[in-house]
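Reproduced below: my_file14.cif, with mmCIF, C-alpha atoms.
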```cif
data_start
#
loop_
_atom_site.group_PDB
_atom_site.id
_atom_site.type_symbol
_atom_site.label_atom_id
_atom_site.label_comp_id
_atom_site.auth_asym_id
_atom_site.auth_seq_id
_atom_site.Cartn_x
_atom_site.Cartn_y
_atom_site.Cartn_z
ATOM 1 C CA ARG A 1 0.000 0.000 0.000
ATOM 2 C CA ALA A 2 2.850 2.406 0.763
ATOM 3 C CA GLY A 3 4.719 1.648 -2.450
ATOM 4 C CA LEU A 4 7.371 -0.576 -0.845
ATOM 5 C CA VAL A 5 8.274 -4.231 -1.380
ATOM 6 C CA ASN A 6 9.412 -6.360 1.560
ATOM 7 C CA VAL A 7 11.601 -9.193 0.287
ATOM 8 C CA GLY A 8 13.062 -9.863 3.729
ATOM 9 C CA GLY A 9 10.273 -11.891 5.288
ATOM 10 C CA GLU A 10 12.521 -14.927 5.677
ATOM 11 C CA GLY A 11 15.205 -13.042 7.580
ATOM 12 C CA GLN A 12 12.669 -11.221 9.738
ATOM 13 C CA LEU A 13 10.987 -14.534 10.498
ATOM 14 C CA CYS A 14 14.329 -16.043 11.578
ATOM 15 C CA VAL A 15 15.261 -13.055 13.725
ATOM 16 C CA GLY A 16 11.808 -13.125 15.318
ATOM 17 C CA GLY A 17 12.367 -16.716 16.366
ATOM 18 C CA ILE A 18 15.526 -15.814 18.317
ATOM 19 C CA PRO A 19 13.998 -13.545 21.024
ATOM 20 C CA ALA A 20 10.954 -15.812 21.132
ATOM 21 C CA THR A 21 13.250 -18.725 22.002
ATOM 22 C CA ALA A 22 15.176 -16.667 24.541
ATOM 23 C CA VAL A 23 11.965 -15.677 26.309
ATOM 24 C CA GLY A 24 10.346 -19.107 26.016
ATOM 25 C CA THR A 25 13.328 -20.985 27.446
ATOM 26 C CA GLY A 26 13.907 -18.446 30.240
ATOM 27 C CA LEU A 27 10.424 -18.396 31.727
ATOM 28 C CA GLY A 28 9.882 -19.697 35.211
ATOM 29 C CA GLU A 29 7.909 -22.821 35.949
ATOM 30 C CA GLY A 30 5.040 -20.946 37.593
ATOM 31 C CA THR A 31 4.379 -18.539 34.716
ATOM 32 C CA PRO A 32 0.739 -18.692 33.568
ATOM 33 C CA ALA A 33 0.311 -19.979 30.025
ATOM 34 C CA PRO A 34 -1.523 -16.878 28.646
ATOM 35 C CA ILE A 35 1.232 -14.580 29.895
ATOM 36 C CA ALA A 36 3.992 -16.887 28.653
ATOM 37 C CA VAL A 37 2.537 -17.296 25.158
ATOM 38 C CA THR A 38 1.856 -13.562 24.870
ATOM 39 C CA ALA A 39 5.410 -12.730 25.968
ATOM 40 C CA VAL A 40 6.889 -15.143 23.403
ATOM 41 C CA LEU A 41 4.805 -13.763 20.542
ATOM 42 C CA LEU A 42 5.452 -10.129 21.505
ATOM 43 C CA ALA A 43 9.188 -10.798 21.680
ATOM 44 C CA ALA A 44 9.042 -12.399 18.238
ATOM 45 C CA ALA A 45 7.126 -9.448 16.778
ATOM 46 C CA GLY A 46 9.624 -7.047 18.340
ATOM 47 C CA GLY A 47 12.548 -8.933 16.813
ATOM 48 C CA GLY A 48 11.011 -8.861 13.340
ATOM 49 C CA TRP A 49 10.105 -5.180 13.735
ATOM 50 C CA SER A 50 13.646 -4.190 14.683
ATOM 51 C CA TRP A 51 15.120 -6.187 11.779
ATOM 52 C CA ALA A 52 12.823 -4.579 9.216
ATOM 53 C CA ALA A 53 13.414 -1.185 10.807
ATOM 54 C CA ILE A 54 17.021 -1.307 9.550
ATOM 55 C CA ALA A 55 15.891 -1.449 5.929
ATOM 56 C CA ALA A 56 13.095 1.055 6.617
ATOM 57 C CA PHE A 57 15.557 3.560 8.107
ATOM 58 C CA LEU A 58 17.920 3.228 5.159
ATOM 59 C CA ARG A 59 15.017 3.677 2.743
ATOM 60 C CA VAL A 60 13.624 6.770 4.448
ATOM 61 C CA ARG A 61 16.864 8.529 5.376
ATOM 62 C CA ARG A 62 19.259 7.424 2.635
ATOM 63 C CA GLY A 63 16.943 6.462 -0.204
ATOM 64 C CA THR A 64 18.425 2.951 -0.352
ATOM 65 C CA SER A 65 16.219 0.455 -2.170
ATOM 66 C CA GLU A 66 14.318 -1.620 0.381
ATOM 67 C CA ILE A 67 14.318 -4.537 -2.062
ATOM 68 C CA ILE A 68 18.115 -4.775 -1.912
ATOM 69 C CA THR A 69 18.455 -4.232 1.831
ATOM 70 C CA THR A 70 15.685 -6.619 2.874
ATOM 71 C CA LEU A 71 16.983 -9.264 0.469
ATOM 72 C CA LEU A 72 20.531 -9.049 1.818
ATOM 73 C CA LEU A 73 19.340 -8.986 5.428
ATOM 74 C CA ASN A 74 17.777 -12.404 4.813
ATOM 75 C CA PHE A 75 21.220 -13.989 4.748
ATOM 76 C CA VAL A 76 22.275 -12.172 7.909
ATOM 77 C CA GLY A 77 19.134 -13.375 9.685
ATOM 78 C CA LEU A 78 19.787 -16.975 8.652
ATOM 79 C CA ALA A 79 23.383 -16.648 9.848
ATOM 80 C CA LEU A 80 22.192 -15.315 13.211
ATOM 81 C CA VAL A 81 20.103 -18.441 13.737
ATOM 82 C CA LEU A 82 23.170 -20.578 12.987
ATOM 83 C CA LEU A 83 25.197 -18.544 15.463
ATOM 84 C CA MET A 84 22.578 -18.889 18.183
ATOM 85 C CA VAL A 85 22.126 -22.653 17.893
ATOM 86 C CA HIS A 86 25.859 -23.411 17.543
ATOM 87 C CA GLY A 87 27.137 -21.073 20.254
ATOM 88 C CA PRO A 88 27.292 -22.882 23.631
ATOM 89 C CA SER A 89 27.037 -19.592 25.504
ATOM 90 C CA LEU A 90 24.048 -18.417 23.468
ATOM 91 C CA LEU A 91 20.880 -20.476 22.877
ATOM 92 C CA ARG A 92 22.332 -23.950 22.227
ATOM 93 C CA GLN A 93 21.184 -26.672 24.569
ATOM 94 C CA PRO A 94 23.805 -28.058 26.962
ATOM 95 C CA VAL A 95 26.195 -30.422 25.175
ATOM 96 C CA THR A 96 26.123 -33.721 27.019
ATOM 97 C CA SER A 97 27.583 -35.970 24.309
ATOM 98 C CA SER A 98 28.837 -35.929 20.734
ATOM 99 C CA GLU A 99 25.280 -36.679 19.583
ATOM 100 C CA THR A 100 23.784 -33.499 21.069
ATOM 101 C CA LEU A 101 22.063 -31.647 18.240
ATOM 102 C CA PRO A 102 22.839 -27.973 17.543
ATOM 103 C CA GLN A 103 19.507 -26.594 18.678
ATOM 104 C CA SER A 104 18.023 -24.702 21.582
ATOM 105 C CA GLU A 105 16.417 -26.186 24.631
ATOM 106 C CA PRO A 106 12.669 -26.799 24.308
ATOM 107 C CA LEU A 107 10.443 -23.896 25.250
ATOM 108 C CA ALA A 108 8.809 -24.036 28.651
ATOM 109 C CA GLU A 109 5.523 -25.890 28.590
ATOM 110 C CA ALA A 110 3.621 -22.713 29.442
ATOM 111 C CA ALA A 111 5.130 -20.955 26.388
ATOM 112 C CA GLN A 112 4.011 -23.614 23.915
ATOM 113 C CA LEU A 113 1.010 -22.801 21.725
ATOM 114 C CA PRO A 114 -2.055 -24.814 22.769
ATOM 115 C CA LEU A 115 -3.447 -27.363 20.338
ATOM 116 C CA LEU A 116 -6.798 -26.861 18.657
ATOM 117 C CA GLY A 117 -7.979 -30.209 19.947
ATOM 118 C CA ILE A 118 -8.476 -31.803 16.534
ATOM 119 C CA GLU A 119 -7.930 -35.544 16.677
ATOM 120 C CA ARG A 120 -4.538 -36.665 15.280
ATOM 121 C CA SER A 121 -3.674 -33.140 14.229
ATOM 122 C CA PRO A 122 -0.755 -30.936 15.388
ATOM 123 C CA ALA A 123 -2.710 -27.763 14.554
ATOM 124 C CA THR A 124 -2.420 -25.032 17.200
ATOM 125 C CA ILE A 125 -4.152 -21.745 17.938
ATOM 126 C CA ALA A 126 -1.835 -20.188 15.345
ATOM 127 C CA LEU A 127 -4.714 -20.805 12.942
ATOM 128 C CA TRP A 128 -7.003 -18.566 15.011
ATOM 129 C CA ILE A 129 -4.286 -15.905 15.233
ATOM 130 C CA ALA A 130 -4.153 -15.793 11.435
ATOM 131 C CA VAL A 131 -7.948 -15.825 11.104
ATOM 132 C CA ILE A 132 -8.197 -12.828 13.448
ATOM 133 C CA ALA A 133 -5.225 -10.940 11.973
ATOM 134 C CA VAL A 134 -6.461 -11.046 8.381
ATOM 135 C CA PRO A 135 -9.771 -9.152 8.876
ATOM 136 C CA VAL A 136 -8.220 -6.771 11.431
ATOM 137 C CA VAL A 137 -5.486 -5.731 9.002
ATOM 138 C CA GLY A 138 -8.038 -5.514 6.205
ATOM 139 C CA VAL A 139 -10.226 -3.139 8.227
ATOM 140 C CA VAL A 140 -7.226 -0.997 9.189
ATOM 141 C CA LEU A 141 -6.108 -0.694 5.560
ATOM 142 C CA ARG A 142 -9.549 0.033 4.085
ATOM 143 C CA ARG A 143 -11.613 1.709 6.804
ATOM 144 C CA THR A 144 -9.199 3.881 8.799
ATOM 145 C CA ALA A 145 -7.290 7.103 8.221
ATOM 146 C CA ILE A 146 -3.923 5.330 8.416
ATOM 147 C CA GLY A 147 -4.959 3.041 5.574
ATOM 148 C CA VAL A 148 -5.948 5.997 3.396
ATOM 149 C CA ARG A 149 -2.649 7.716 4.144
ATOM 150 C CA LEU A 150 -0.635 4.623 3.281
ATOM 151 C CA ARG A 151 -2.475 4.292 -0.019
ATOM 152 C CA SER A 152 -1.916 7.968 -0.784
ATOM 153 C CA VAL A 153 1.810 7.611 -0.132
ATOM 154 C CA GLY A 154 1.963 4.548 -2.354
ATOM 155 C CA LEU A 155 0.106 6.231 -5.231
ATOM 156 C CA ASN A 156 1.951 9.555 -5.166
ATOM 157 C CA PRO A 157 4.473 10.343 -2.419
ATOM 158 C CA ASP A 158 5.211 13.846 -3.758
ATOM 159 C CA ALA A 159 1.572 14.896 -3.748
ATOM 160 C CA SER A 160 1.136 13.327 -0.292
ATOM 161 C CA ALA A 161 4.068 15.353 1.034
ATOM 162 C CA ARG A 162 2.547 18.551 -0.372
ATOM 163 C CA LEU A 163 -0.685 17.719 1.444
ATOM 164 C CA GLY A 164 1.255 17.551 4.695
ATOM 165 C CA LEU A 165 1.443 13.770 5.172
ATOM 166 C CA PRO A 166 4.591 12.464 6.924
ATOM 167 C CA VAL A 167 5.704 10.302 3.998
ATOM 168 C CA GLY A 168 8.922 9.091 5.604
ATOM 169 C CA ARG A 169 7.225 8.152 8.858
ATOM 170 C CA LEU A 170 4.429 6.304 7.094
ATOM 171 C CA ARG A 171 6.853 4.328 4.948
ATOM 172 C CA PHE A 172 8.961 3.476 7.982
ATOM 173 C CA LEU A 173 5.832 2.368 9.830
ATOM 174 C CA SER A 174 4.584 0.205 6.968
ATOM 175 C CA LEU A 175 7.851 -1.669 6.413
ATOM 176 C CA SER A 176 8.626 -2.134 10.095
ATOM 177 C CA CYS A 177 5.092 -3.441 10.765
ATOM 178 C CA ALA A 178 5.526 -5.908 7.910
ATOM 179 C CA GLY A 179 8.671 -7.111 9.694
ATOM 180 C CA ALA A 180 6.722 -7.418 12.943
ATOM 181 C CA PHE A 181 4.215 -9.760 11.293
ATOM 182 C CA SER A 182 7.050 -11.834 9.840
ATOM 183 C CA GLY A 183 8.704 -11.996 13.252
ATOM 184 C CA LEU A 184 5.387 -13.069 14.768
ATOM 185 C CA ALA A 185 5.325 -15.953 12.289
ATOM 186 C CA GLY A 186 8.799 -16.942 13.486
ATOM 187 C CA GLY A 187 7.635 -16.964 17.084
ATOM 188 C CA ILE A 188 4.645 -19.106 16.150
ATOM 189 C CA LEU A 189 6.937 -21.626 14.458
ATOM 190 C CA VAL A 190 9.217 -21.803 17.499
ATOM 191 C CA ALA A 191 6.240 -22.199 19.851
ATOM 192 C CA THR A 192 4.923 -25.111 17.764
ATOM 193 C CA ALA A 193 6.207 -28.696 17.938
ATOM 194 C CA PRO A 194 9.057 -29.572 18.395
ATOM 195 C CA PHE A 195 9.286 -26.251 20.353
ATOM 196 C CA VAL A 196 12.968 -25.606 19.604
ATOM 197 C CA LEU A 197 15.027 -23.164 17.560
ATOM 198 C CA VAL A 198 17.038 -25.106 14.990
ATOM 199 C CA GLU A 199 18.760 -24.419 11.711
ATOM 200 C CA GLY A 200 16.242 -24.271 8.858
ATOM 201 C CA PHE A 201 13.220 -24.110 11.176
ATOM 202 C CA SER A 202 11.443 -21.665 8.845
ATOM 203 C CA SER A 203 11.498 -23.907 5.735
ATOM 204 C CA GLY A 204 11.208 -20.886 3.430
ATOM 205 C CA TYR A 205 7.915 -19.567 4.820
ATOM 206 C CA GLY A 206 9.127 -16.000 4.381
ATOM 207 C CA PHE A 207 9.514 -16.450 0.631
ATOM 208 C CA SER A 208 6.146 -18.213 0.470
ATOM 209 C CA GLY A 209 4.634 -15.169 2.167
ATOM 210 C CA LEU A 210 6.125 -12.971 -0.533
ATOM 211 C CA VAL A 211 4.432 -15.127 -3.167
ATOM 212 C CA VAL A 212 1.123 -14.878 -1.311
ATOM 213 C CA GLY A 213 1.399 -11.103 -1.114
ATOM 214 C CA LEU A 214 2.167 -10.748 -4.806
ATOM 215 C CA LEU A 215 -0.686 -13.017 -5.839
ATOM 216 C CA ALA A 216 -3.172 -11.372 -3.444
ATOM 217 C CA ARG A 217 -2.412 -7.899 -4.900
ATOM 218 C CA GLY A 218 -3.321 -6.004 -1.753
ATOM 219 C CA SER A 219 -6.553 -7.792 -0.857
ATOM 220 C CA MET A 220 -6.570 -9.353 2.603
ATOM 221 C CA LEU A 221 -9.406 -11.676 1.585
ATOM 222 C CA ALA A 222 -7.194 -12.906 -1.242
ATOM 223 C CA VAL A 223 -4.315 -13.310 1.228
ATOM 224 C CA GLY A 224 -6.350 -15.828 3.205
ATOM 225 C CA ALA A 225 -7.518 -17.656 0.079
ATOM 226 C CA VAL A 226 -4.059 -17.857 -1.527
ATOM 227 C CA SER A 227 -2.502 -18.950 1.761
ATOM 228 C CA LEU A 228 -4.982 -21.808 2.038
ATOM 229 C CA LEU A 229 -4.348 -22.773 -1.576
ATOM 230 C CA LEU A 230 -0.575 -22.898 -1.103
ATOM 231 C CA GLY A 231 -1.051 -24.770 2.159
ATOM 232 C CA PHE A 232 -3.158 -27.393 0.401
ATOM 233 C CA LEU A 233 -0.532 -27.651 -2.351
ATOM 234 C CA VAL A 234 2.300 -28.213 0.109
ATOM 235 C CA SER A 235 0.335 -30.709 2.192
ATOM 236 C CA GLY A 236 -0.869 -32.546 -0.904
ATOM 237 C CA GLY A 237 2.675 -32.603 -2.301
ATOM 238 C CA ILE A 238 3.974 -34.263 0.849
ATOM 239 C CA ASN A 239 1.214 -36.869 0.771
ATOM 240 C CA LEU A 240 1.784 -37.521 -2.942
ATOM 241 C CA GLN A 241 5.471 -38.031 -2.317
ATOM 242 C CA LEU A 242 4.743 -40.541 0.442
ATOM 243 C CA ALA A 243 1.894 -42.368 -1.250
ATOM 244 C CA ALA A 244 2.632 -42.202 -4.974
ATOM 245 C CA GLY A 245 6.317 -41.360 -5.139
ATOM 246 C CA VAL A 246 5.676 -38.045 -6.909
ATOM 247 C CA PRO A 247 8.668 -35.678 -6.477
ATOM 248 C CA ALA A 248 8.139 -32.919 -3.934
ATOM 249 C CA SER A 249 9.444 -30.412 -6.491
ATOM 250 C CA THR A 250 6.077 -30.759 -8.248
ATOM 251 C CA VAL A 251 4.645 -28.314 -5.707
ATOM 252 C CA SER A 252 7.300 -25.727 -6.577
ATOM 253 C CA ILE A 253 6.509 -26.188 -10.267
ATOM 254 C CA MET A 254 2.792 -25.654 -9.601
ATOM 255 C CA GLU A 255 3.504 -22.493 -7.593
ATOM 256 C CA SER A 256 5.731 -21.149 -10.370
ATOM 257 C CA LEU A 257 3.079 -21.837 -13.000
ATOM 258 C CA MET A 258 0.460 -20.074 -10.878
ATOM 259 C CA ILE A 259 2.654 -16.997 -10.549
ATOM 260 C CA ILE A 260 3.414 -16.932 -14.283
ATOM 261 C CA LEU A 261 -0.253 -17.338 -15.255
ATOM 262 C CA ILE A 262 -1.534 -14.716 -12.831
ATOM 263 C CA ALA A 263 1.223 -12.262 -13.763
ATOM 264 C CA GLY A 264 0.444 -12.865 -17.441
ATOM 265 C CA ALA A 265 -3.252 -12.282 -16.860
ATOM 266 C CA VAL A 266 -2.568 -9.026 -15.021
ATOM 267 C CA LEU A 267 -0.234 -7.846 -17.783
ATOM 268 C CA TRP A 268 -2.775 -8.817 -20.449
ATOM 269 C CA THR A 269 -5.554 -6.948 -18.634
ATOM 270 C CA ALA A 270 -3.418 -3.831 -18.143
ATOM 271 C CA THR A 271 -2.289 -3.843 -21.771
ATOM 272 C CA GLY A 272 -5.864 -4.239 -23.011
ATOM 273 C CA ARG A 273 -7.072 -1.419 -20.777
ATOM 274 C CA ARG A 274 -4.381 0.927 -22.071
ATOM 275 C CA ALA A 275 -5.153 -0.050 -25.676
ATOM 276 C CA ARG A 276 -8.862 0.644 -25.189
ATOM 277 C CA ALA A 277 -8.115 3.990 -23.564
ATOM 278 C CA THR A 278 -5.806 4.951 -26.444
ATOM 279 C CA ALA A 279 -8.415 3.906 -28.998
ATOM 280 C CA ALA A 280 -11.118 5.907 -27.232
ATOM 281 C CA THR A 281 -8.901 8.987 -27.126
ATOM 282 C CA ALA A 282 -8.113 8.650 -30.844
ATOM 283 C CA ALA A 283 -11.803 8.229 -31.675
ATOM 284 C CA GLU A 284 -12.691 11.383 -29.757
ATOM 285 C CA ALA A 285 -9.973 13.305 -31.594
ATOM 286 C CA ASP A 286 -11.221 12.116 -34.984
ATOM 287 C CA ASP A 287 -14.921 12.669 -34.329
ATOM 288 C CA PRO A 288 -15.816 16.334 -35.003
ATOM 289 C CA ARG A 289 -19.021 15.992 -32.972
ATOM 290 C CA LEU A 290 -16.947 15.388 -29.831
ATOM 291 C CA SER A 291 -14.622 18.333 -30.455
ATOM 292 C CA PRO A 292 -15.449 21.657 -28.732
ATOM 293 C CA PRO A 293 -16.524 24.618 -30.889
ATOM 294 C CA ASP A 294 -13.823 26.949 -32.142
ATOM 295 C CA GLY A 295 -14.843 29.649 -29.724
ATOM 296 C CA GLU A 296 -14.395 27.325 -26.723
ATOM 297 C CA ARG A 297 -11.003 26.000 -27.702
#
```

Once you've parsed the file, please lay out its structure as structure tokens.
Amino acid sequence: RAGLVNVGGEGQLCVGGIPATAVGTGLGEGTPAPIAVTAVLLAAAGGGWSWAAIAAFLRVRRGTSEIITTLLLNFVGLALVLLMVHGPSLLRQPVTSSETLPQSEPLAEAAQLPLLGIERSPATIALWIAVIAVPVVGVVLRRTAIGVRLRSVGLNPDASARLGLPVGRLRFLSLSCAGAFSGLAGGILVATAPFVLVEGFSSGYGFSGLVVGLLARGSMLAVGAVSLLLGFLVSGGINLQLAAGVPASTVSIMESLMIILIAGAVLWTATGRRARATAATAAEADDPRLSPPDGER
């Protein structure tokens, strides 16, 4: 909405998982579960916010492309996870033998996301968090003053600045809040089974989120629908690989084809709209009935 592109969801997700793990493993035994879960998720959102704030600051103050900075910060975020799980004095679990895995200790039981209660399913309340977040964000973007301001900045930042809108602050807010949501996703992953921070725990969810955002084209309703579609594709791909021996890369091929087809359809629609507008303008210029009288020209 603000005219920025966040390519750093993966890195923000990884960095969000680090403070979530630190908080979740450091909680006392008597901490109530609601407080523990809230503290873990808030710490994760704060980590993602601070990581995206680096790129947002560079974009607002120095004019550095947020696409480049967020993309490069992905690799730093992944490296930070490696550092945390391999450093004995950081978040790695105590090494008791040569077979001790490079991962954190499990989160305290109170900090683990509760299950939904579906039989033979590991689904947690993360589903309800997403279901609540989607309409809330949609209402904020479409029905509030901040949403109108973000859209104005995205459409024309120069005109918005002349109208008195704080363009830099709004862009910083939009990108840093995107990082907070990515960090929240990292905290949710850490607080879900097996409840540890380990190398590769994100499995590329940040890049999948980028695909969802591009396909949804700004509609939060479409975000939920595309997310479900990709989730079904991934789950079905795993089951196909187990049951029928179909390569798991088939899912990646399907996602790529979807992106190509949707991008092609958007380009085709935009090209056709411009062609029709050009034709209408030419017809008006050629039709003397549509031309103003000489005295009004």

Which neighbours of stretch 8-11 of chain A fall inside 8 Å, counting all atoms listed in the file, when residues of the same chain fewer than 2 positions from it are skipped, and could you give them as a PyMOL selection string? chain A and resi 6+13-15+52+67+70-78+179+182+202+204-207+209-210

Quick one: apply the PyMOL selection byres ((chain A and resi 168-177) around 7) to the file and drop the selected residues here as a list in words. Ala2, Asn6, Trp49, Ala52, Ala53, Ala56, Phe57, Val60, Leu150, Pro166, Val167, Ala178, Gly179, Ala180 and Phe181 of chain A

Suppose we keep C-alpha atoms; can you now write the selection as a tab-separated table (two decimals), in the coordinates of the input?
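Printed below is part-v3.tsv as written:
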```tsv
chain	number	residue	atom	x	y	z
A	2	ALA	CA	2.85	2.41	0.76
A	6	ASN	CA	9.41	-6.36	1.56
A	49	TRP	CA	10.10	-5.18	13.74
A	52	ALA	CA	12.82	-4.58	9.22
A	53	ALA	CA	13.41	-1.18	10.81
A	56	ALA	CA	13.10	1.06	6.62
A	57	PHE	CA	15.56	3.56	8.11
A	60	VAL	CA	13.62	6.77	4.45
A	150	LEU	CA	-0.64	4.62	3.28
A	166	PRO	CA	4.59	12.46	6.92
A	167	VAL	CA	5.70	10.30	4.00
A	178	ALA	CA	5.53	-5.91	7.91
A	179	GLY	CA	8.67	-7.11	9.69
A	180	ALA	CA	6.72	-7.42	12.94
A	181	PHE	CA	4.22	-9.76	11.29
```

Set the distance at 10 Å and use only C-alpha atoms: which residues neighbour stretch 126-138 of chain A once local chain neighbours fewer than 3 positions away are removed? I'd like the list as an mmCIF file with C-alpha atoms, in the coordinates of the input.
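selection06.cif written:
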```
data_model
loop_
_atom_site.group_PDB
_atom_site.id
_atom_site.type_symbol
_atom_site.label_atom_id
_atom_site.label_comp_id
_atom_site.auth_asym_id
_atom_site.auth_seq_id
_atom_site.Cartn_x
_atom_site.Cartn_y
_atom_site.Cartn_z
ATOM 1 C CA LEU A 113 1.010 -22.801 21.725
ATOM 2 C CA PRO A 114 -2.055 -24.814 22.769
ATOM 3 C CA LEU A 115 -3.447 -27.363 20.338
ATOM 4 C CA LEU A 116 -6.798 -26.861 18.657
ATOM 5 C CA ALA A 123 -2.710 -27.763 14.554
ATOM 6 C CA LEU A 141 -6.108 -0.694 5.560
ATOM 7 C CA ARG A 142 -9.549 0.033 4.085
ATOM 8 C CA ARG A 143 -11.613 1.709 6.804
ATOM 9 C CA THR A 144 -9.199 3.881 8.799
ATOM 10 C CA GLY A 147 -4.959 3.041 5.574
ATOM 11 C CA PHE A 181 4.215 -9.760 11.293
ATOM 12 C CA ALA A 185 5.325 -15.953 12.289
ATOM 13 C CA ILE A 188 4.645 -19.106 16.150
ATOM 14 C CA LEU A 189 6.937 -21.626 14.458
ATOM 15 C CA ALA A 191 6.240 -22.199 19.851
ATOM 16 C CA THR A 192 4.923 -25.111 17.764
ATOM 17 C CA GLY A 218 -3.321 -6.004 -1.753
ATOM 18 C CA SER A 219 -6.553 -7.792 -0.857
ATOM 19 C CA MET A 220 -6.570 -9.353 2.603
ATOM 20 C CA LEU A 221 -9.406 -11.676 1.585
ATOM 21 C CA ALA A 222 -7.194 -12.906 -1.242
ATOM 22 C CA VAL A 223 -4.315 -13.310 1.228
ATOM 23 C CA GLY A 224 -6.350 -15.828 3.205
#
```

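Here atom CA of A:Glu66 stands at a distance of 10.5 Å from atom CA of A:Gly3.
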
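Taking atom CA of A:Thr250 and atom CA of A:Leu267 as the two end points, the separation is 25.6 Å.
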
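Across the structure, atom CA of A:Gly245 and atom CA of A:Val212 are spaced 27.3 Å apart.
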